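S.K.: Structure below; questions to follow.
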Amino acid sequence: MAYQSIDTWMSLWRRLTPLYDEGEAKAVVRMVLESKFGMSTADIYTDGIAKLTDKARRELEGIMQRLEKAEPVQYVLGYADFLGHRFAVGKGVLIPRPETAELCEQIIRDAEGCSGADILDIGTGSGCIAVTLAYEVAEAAVTAWDISPAAIICCEENARRAGVMVDVVQQNALTPPDDHDRWDIIVSNPPYICERERESMHANVTGHEPEEALFVSDDDPLLFYNAISLYAIHALKPDGALYFEINPRYAEALLSLMRQIGFSNVTLTHDSFGKQRFVKATR
């Protein structure tokens with residue numbers, strides 16, 4: 001394997017500037033050096049990189065070449081950090097986002113003082129929501145649905161690593177079972193990015209993460225929200241709550257839809273970036 005310049009910190013992050021801005025390029029490389037090579041901040045900024053063994057330099061070069069092809073650093077490392085836990089991620093599984101962590105935090109706050117809640121996470125992916133809630137909500141019984149075999153395997157592994165019980169089920173959110181009064185909480189971060197938004201997105205997302213977990217037709221942007229809401233209006237117990245992560249473009253349309261379906265107290269909240277991002281509704 002031919003080496004490019006990997007002798008200095010600057011030579012590494014500059015290789016990623018065609019894809020990322022300077023700050024993000026530095027963060028990606030720092031994450032690799034700390035996680036894969038055990039480097040401290042002092043090592044990174046001095047001569048630690050130049051002191052790597054030939055074997056380590058070959059490994060680092062392989063990683064850099066993957067990153068230069070816009071592969072997400074989380075896939076390269078095999079994990080993503082989420083609310084204090086490390087989740088395994090890989091091809092075919094959506095990488096957990098900070099916004100989704102905020103949704104989990106809201107549910108945890110709302111569930112404080114409760115115990116034994118029956119919780120359903122629809123479209124679980126890596127299991128970041130399901131596993132976090134199983135860990136944080138007292139005596140919760142958590143079930144996770146996904147249609148993807150890769151996601152099911154990943155969620156089960158992440159639950160095992162966290163030492164929690166999650167019942168992972170292969171289930172299509174668009175054809176849910178006929179449940180009644182089953183759940184205290186239903187939560188979902190379904191596909192919500194319209195196809196026309198694809199061109200404005202970064203290549204490390206569109207070129208590597210699973211399309212079926214991201215995109216929905218321009219003609220029916222609320223497809224999953226409609227199906228899940230119709231299920232939840234019957235499947236939630238009285239006073240049960242439905243939580244969504246949403247596309248801000250369709251916030252008002254979603255609120256109207258959920259009220260028409262029969263939900264009361266439908267509320268919209270913003271994420272830490274000031275975007276309309278979360279909806280909560282009670283039956």
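Here, A, B, ... name the chains of the structure tokens in the order displayed, residue numbers run from 1 inside each chain, and ligands are numbered from 1 in the same displayed order.
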Could you pull out the residues in range 119-209 of chain A that DSSP calls alpha helix (DSSP H) from the backbone, as a ChimeraX atom specification?

M.R.: /A:128-136,149-162,203-206

S.K.: Point out the residue among A:Tyr135, A:Phe278, A:Phe37, A:Phe215 with the least atom-to-atom distance to Glu197 in chain A, counting only C-alpha atoms.

M.R.: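 Counting only C-alpha atoms, the residue closest to Glu197 in chain A is A:Phe215.
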
S.K.: Listing only residues of range 197-261 of chain A within 8 Å of range 153-173 of chain A, what is the closest atom pair and its distance in Å (to one decimal) for each, using only C-alpha atoms, sorted by chain and residue number ascending, as JSON lines?

M.R.:
```
{"residue": "A:Phe224", "atom": "CA", "partner": "A:Ala173", "partner_atom": "CA", "distance": 7.1}
{"residue": "A:Ala227", "atom": "CA", "partner": "A:Ala173", "partner_atom": "CA", "distance": 7.0}
{"residue": "A:Ile228", "atom": "CA", "partner": "A:Ala173", "partner_atom": "CA", "distance": 6.6}
```

S.K.: Selected residues, C-alpha atoms, written as a PDB file, in the first residue's frame, please.

M.R.:
```
ATOM      1  CA  PHE A 224     -44.636   6.628   7.822  1.00  0.00           C
ATOM      2  CA  ALA A 227     -49.194   4.702   9.266  1.00  0.00           C
ATOM      3  CA  ILE A 228     -47.627   4.894  12.722  1.00  0.00           C
TER       4      ILE A 228
END
```

S.K.: Write out as a list in words which residues come within 7 Å of range 91-104 of chain A when counting only C-alpha atoms, dropping same-chain ones fewer than 6 positions away.

M.R.: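 Listed by chain and then number, they are Tyr75, Ala80, Phe82, Leu83, Gly125, Ser126, Cys128, Ile129, Ala150, Ala151, Glu209, Pro210, Ala213, Asp271 and Phe278 of chain A.
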
S.K.: For the atom pair CA of Arg182 in chain A and CA of Val137 in chain A, what is the interatomic distance in Å to one decimal place?

M.R.: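 Those two atoms sit 17.5 Å apart.
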